[in-house]
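The block underneath contains the structure these notes are about, expressed in structure tokens.
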There are 2 protein chains.
Amino acid sequence: MTDDAQPAAADLPDVPASAPLGRGRVTLQIIAQHLAVSTATVSLALRGSPLVAEATRSRVQSIARQMGYSYNRSAASLRTDRTNILAVGFHDITNPYFAELLAAIEETATGHGRSILLGTYAENLDRQDRVLTTLKEYRPDGMILCPAAGSVAADFAHLLEAGLPIVQLSREIPGLALDFVGSDDRHGAVLAMEHLLGLGHRRIAFLGESQRISTGRNRFTGYCETLARHGLPLDRAIVHSAQGTRENGLKGIQAVLAAADPPSAAICFNDLTAFGAMLGLRHCGLEAGVDFSLVGCDDVQEAAQWYPALTTIKNFQDEMGRKSAEFLLERIADPNAQPRRLILTPELVVRGSTAPFRG
Amino acid sequence: MTDDAQPAAADLPDVPASAPLGRGRVTLQIIAQHLAVSTATVSLALRGSPLVAEATRSRVQSIARQMGYSYNRSAASLRTDRTNILAVGFHDITNPYFAELLAAIEETATGHGRSILLGTYAENLDRQDRVLTTLKEYRPDGMILCPAAGSVAADFAHLLEAGLPIVQLSREIPGLALDFVGSDDRHGAVLAMEHLLGLGHRRIAFLGESQRISTGRNRFTGYCETLARHGLPLDRAIVHSAQGTRENGLKGIQAVLAAADPPSAAICFNDLTAFGAMLGLRHCGLEAGVDFSLVGCDDVQEAAQWYPALTTIKNFQDEMGRKSAEFLLERIADPNAQPRRLILTPELVVRGSTAPFRG
DNA sequence: CTGAAAGCGCTAACAA
DNA sequence: TTGTTAGCGCTTTCAG
């Protein structure tokens, strides 16, 4: 709503006739001039400081609105050394597990006046390095990280040295004294195994094994321990090593089914792997929950809707995401506090994809 | 690697004895002093400008690395008025359709040296307004937007007035002369309908109808037009109006099945709705692809893996996401170019959830 | 090829 | 209660 119409700039170039200064946007400076007060007053007024008189505050605020003022966070950040940005580094947001975590983080961040700067790196270490370096250059107040497979502590040294508050989410790098929010993955695998053993299964495959991420190591450990406790052998022929994707679930089940002594059940690294495995079973003329038992891990939204619905280990992505953001906010507030670890206890959700063993 | 050890600050407060200036981070200034050159030279050198001698360039770069220098993008942005940030506003990234779009955008952005600032608003107009205002304050170079249901052109006026380059993705607000990347949704619905009609179905429901988003209007139009072209009546009793979620698919199918003259098939606003509907069918003792035919829309990753696999309309999220980012980059490069529209042609993917009508 | 100097828009002392 | 001033870290003329 500018009162004066824009005069057609005749023959002049697009530099305004009046003052060639500035970028044409309305700044604190402009508002201050307009009101014949100082920029300091405008700054304080806009932020609702009690230091300025109520009258000036409302006068400033209404003028600012009229003039279409927009706060410049780059400028403020330069001055205050805070950006209100939370950086998030994930490997793949197409994976519903990470999408659910991200949604919870975003929700929590927004609720606390923070915004999310996102970077992904597809389990690629070089790319992770580039992405994290770039994210850091935006000077986020903190960072939530789910490290790519094979990461080592040294990969994050430059972030720590810069004093950037970081919380690790879901996956953990050994030897990094950082806040961590995750699940008791070993326990989750034990729950899955005990469920299958209780149903009478003795040949149980593991699909999506990987030693390059903590969740992989812990889940596999739970698997091995439970086998041992029940006096069952660990048979590498029915362990399929791969990243936890839909495609690998399909390949994995076919691989273990081809073993000399095939399994009657499988636990999967995650739900995606289990979904792929279900498909693979059908290719082999088998049906989960009838001829074969399948347990997933995470309980992503679609797990409950599959047919058969997937028996899985619930990992509370919503709470994990929320908590990781809260941890980060607290870490930012108190950089010197002791690092904290929150390990949520997973729960078994029994649905249709598992059934009693039948010779 | 600082040579001099930090002397214990005896009785002094935590202000360093030497110089109370700066924030302790290494800046261009610091590097310049260290090398006895000007900050201008350092700046140029770090960016590999041909203006500086090869020798100084490498000297500066290696020192910068040694000192652990990190480029401060807030500072650069303030100066250059560019952030290399692309803002993305979506309503829900837990929906795989949007997650897939976002992944493609992020990939493209990163490939062009840009980062993604993410905001979500859950189809909530107030929240959309707050989120977009905040995103704008970070001065992104541009914005990719999928407007919340019920948005009107006025909601985005402040962004346009600020001259912020915007491309609309997937959904479109009438009366906004902005770049747009989307699908020919009307045509998609026609494909779905012709498929079902070709299978002999005559009573075909529509699940997830909504007039508050362009995709909803267009898909429903395709549905209505095809009915009309075949001389079939539009029966509101088998049209279920709701947002396209898993839950609403379940409710929707139950609602239309309860009609006096129930349908033998349904087309769904999106795949999520179809997934819910499949579940709902089972609750009613029906099976998609046998007793009932179901067509989804989008072809998200899980669609191919469901049982039965979902017949759906492929919408090429990957290309849409990529193209929207490319459009934005080009729009940023040339703000005055004519707005462009890219409407991808969807394709029918026939899978197991549809079957010939049987009285 | 390099340096000096100004300034982007904001906030935080400190004075008045 | 408000104004003055300096400066965050960078880039960009303009001189040399």
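Ordering of the structure tokens sets the chain letters (A, B, ...), residue numbers begin anew at 1 in every chain, and ligands are numbered from 1 in the order given.
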When DSSP is applied to the backbone of this structure, which of range 61-287 of chain B are assigned alpha helix (DSSP H)? Write them out as number ranges by chain.
B: 61-67, 73-80, 96-111, 125-137, 157-161, 185-198, 214-229, 246-257, 271-283
Near chain C, meaning an atom within 8 Å, which residues of chain A appear when counting only C-alpha atoms (C1' of nucleotides)? Write them as a list in words.
Thr27, Leu28, Ala40, Ser43, Asn72, Ala75, Ala76, Leu78, Arg79 and Thr80 of chain A
Could you write out, as a count of residues only, all the residues of range 111-240 of chain B that DSSP marks as strand (DSSP E)?
27
Within 6 Å of chain A, which residues of chain B show up when using only C-alpha atoms, listed as a list in words?
Tyr71, Asn72, Arg73, Ser74, Ala75, Leu78, Thr94, Ala99, Glu100, Ile116, Leu117, Leu118, Glu137 and Tyr138 of chain B
Take the residues just selected and output them with C-alpha atoms as a CSV table (one decimal), in the first residue's frame.
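Dumped everything to out23.csv:
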chain,number,residue,atom,x,y,z
B,71,TYR,CA,33.4,-20.0,5.5
B,72,ASN,CA,30.7,-18.0,7.2
B,73,ARG,CA,27.7,-18.0,4.9
B,74,SER,CA,25.7,-15.5,7.0
B,75,ALA,CA,28.4,-12.9,6.5
B,78,LEU,CA,24.6,-10.2,4.1
B,94,THR,CA,5.6,-38.4,6.1
B,99,ALA,CA,9.2,-37.5,0.6
B,100,GLU,CA,10.0,-38.6,-2.9
B,116,ILE,CA,17.4,-27.0,1.5
B,117,LEU,CA,15.6,-25.2,4.3
B,118,LEU,CA,12.5,-27.1,5.1
B,137,GLU,CA,13.4,-14.2,6.7
B,138,TYR,CA,16.3,-16.4,6.0
Please report as number ranges by chain which residues of chain A come no farther than 7 Å from chain D, using only C-alpha atoms (C1' of nucleotides).
A: 38, 41, 51-53, 78-79
Would you mind reading off the distance between CA of Glu209 in chain A and CA of Lys323 in chain A, one decimal, in Å?
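Calculated distance between CA of Glu209 in chain A and CA of Lys323 in chain A is 27.2 Å.
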Which polymer residues have any atom within 9 Å of an atom of range 148-151 of chain A, counting only C-alpha atoms (C1' of nucleotides), with same-chain residues fewer than 4 positions away left out, as an MDAnalysis selection string?
chainID A and resid 90:91 121:125 128 155:156 171 173 210:214
Which residues come within 7 Å of Asp298 in chain B, counting only C-alpha atoms (C1' of nucleotides), excluding same-chain residues fewer than 5 positions away, as a PyMOL selection string?
chain B and resi 270-271+312-315
Written file, previous selection with N, CA, C and O atoms, as a PDB file, in the first residue's frame:
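Result file follows (result_10.pdb):
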ATOM      1  N   ASN B 270      -5.081 -40.692  -4.111  1.00  0.00           N
ATOM      2  CA  ASN B 270      -3.653 -41.025  -4.158  1.00  0.00           C
ATOM      3  C   ASN B 270      -3.431 -42.458  -3.670  1.00  0.00           C
ATOM      4  O   ASN B 270      -4.375 -43.141  -3.258  1.00  0.00           O
ATOM      5  N   ASP B 271      -2.191 -42.896  -3.703  1.00  0.00           N
ATOM      6  CA  ASP B 271      -1.893 -44.269  -3.303  1.00  0.00           C
ATOM      7  C   ASP B 271      -2.203 -44.513  -1.832  1.00  0.00           C
ATOM      8  O   ASP B 271      -2.687 -45.591  -1.466  1.00  0.00           O
ATOM      9  N   THR B 312      -2.047 -48.271 -10.517  1.00  0.00           N
ATOM     10  CA  THR B 312      -2.018 -46.862 -10.144  1.00  0.00           C
ATOM     11  C   THR B 312      -1.620 -45.972 -11.321  1.00  0.00           C
ATOM     12  O   THR B 312      -1.296 -46.463 -12.401  1.00  0.00           O
ATOM     13  N   ILE B 313      -1.648 -44.679 -11.075  1.00  0.00           N
ATOM     14  CA  ILE B 313      -1.253 -43.701 -12.079  1.00  0.00           C
ATOM     15  C   ILE B 313       0.113 -43.171 -11.699  1.00  0.00           C
ATOM     16  O   ILE B 313       0.275 -42.555 -10.648  1.00  0.00           O
ATOM     17  N   LYS B 314       1.068 -43.410 -12.549  1.00  0.00           N
ATOM     18  CA  LYS B 314       2.449 -43.023 -12.263  1.00  0.00           C
ATOM     19  C   LYS B 314       2.613 -41.523 -12.495  1.00  0.00           C
ATOM     20  O   LYS B 314       2.278 -41.018 -13.566  1.00  0.00           O
ATOM     21  N   ASN B 315       3.146 -40.856 -11.489  1.00  0.00           N
ATOM     22  CA  ASN B 315       3.258 -39.399 -11.607  1.00  0.00           C
ATOM     23  C   ASN B 315       4.682 -38.869 -11.649  1.00  0.00           C
ATOM     24  O   ASN B 315       4.888 -37.652 -11.665  1.00  0.00           O
TER      25      ASN B 315
END
One number please: CA of Phe292 in chain A to CA of Ala260 in chain A, in Å, one decimal.
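Value for the CA of Phe292 in chain A-CA of Ala260 in chain A distance: 16.5 Å.
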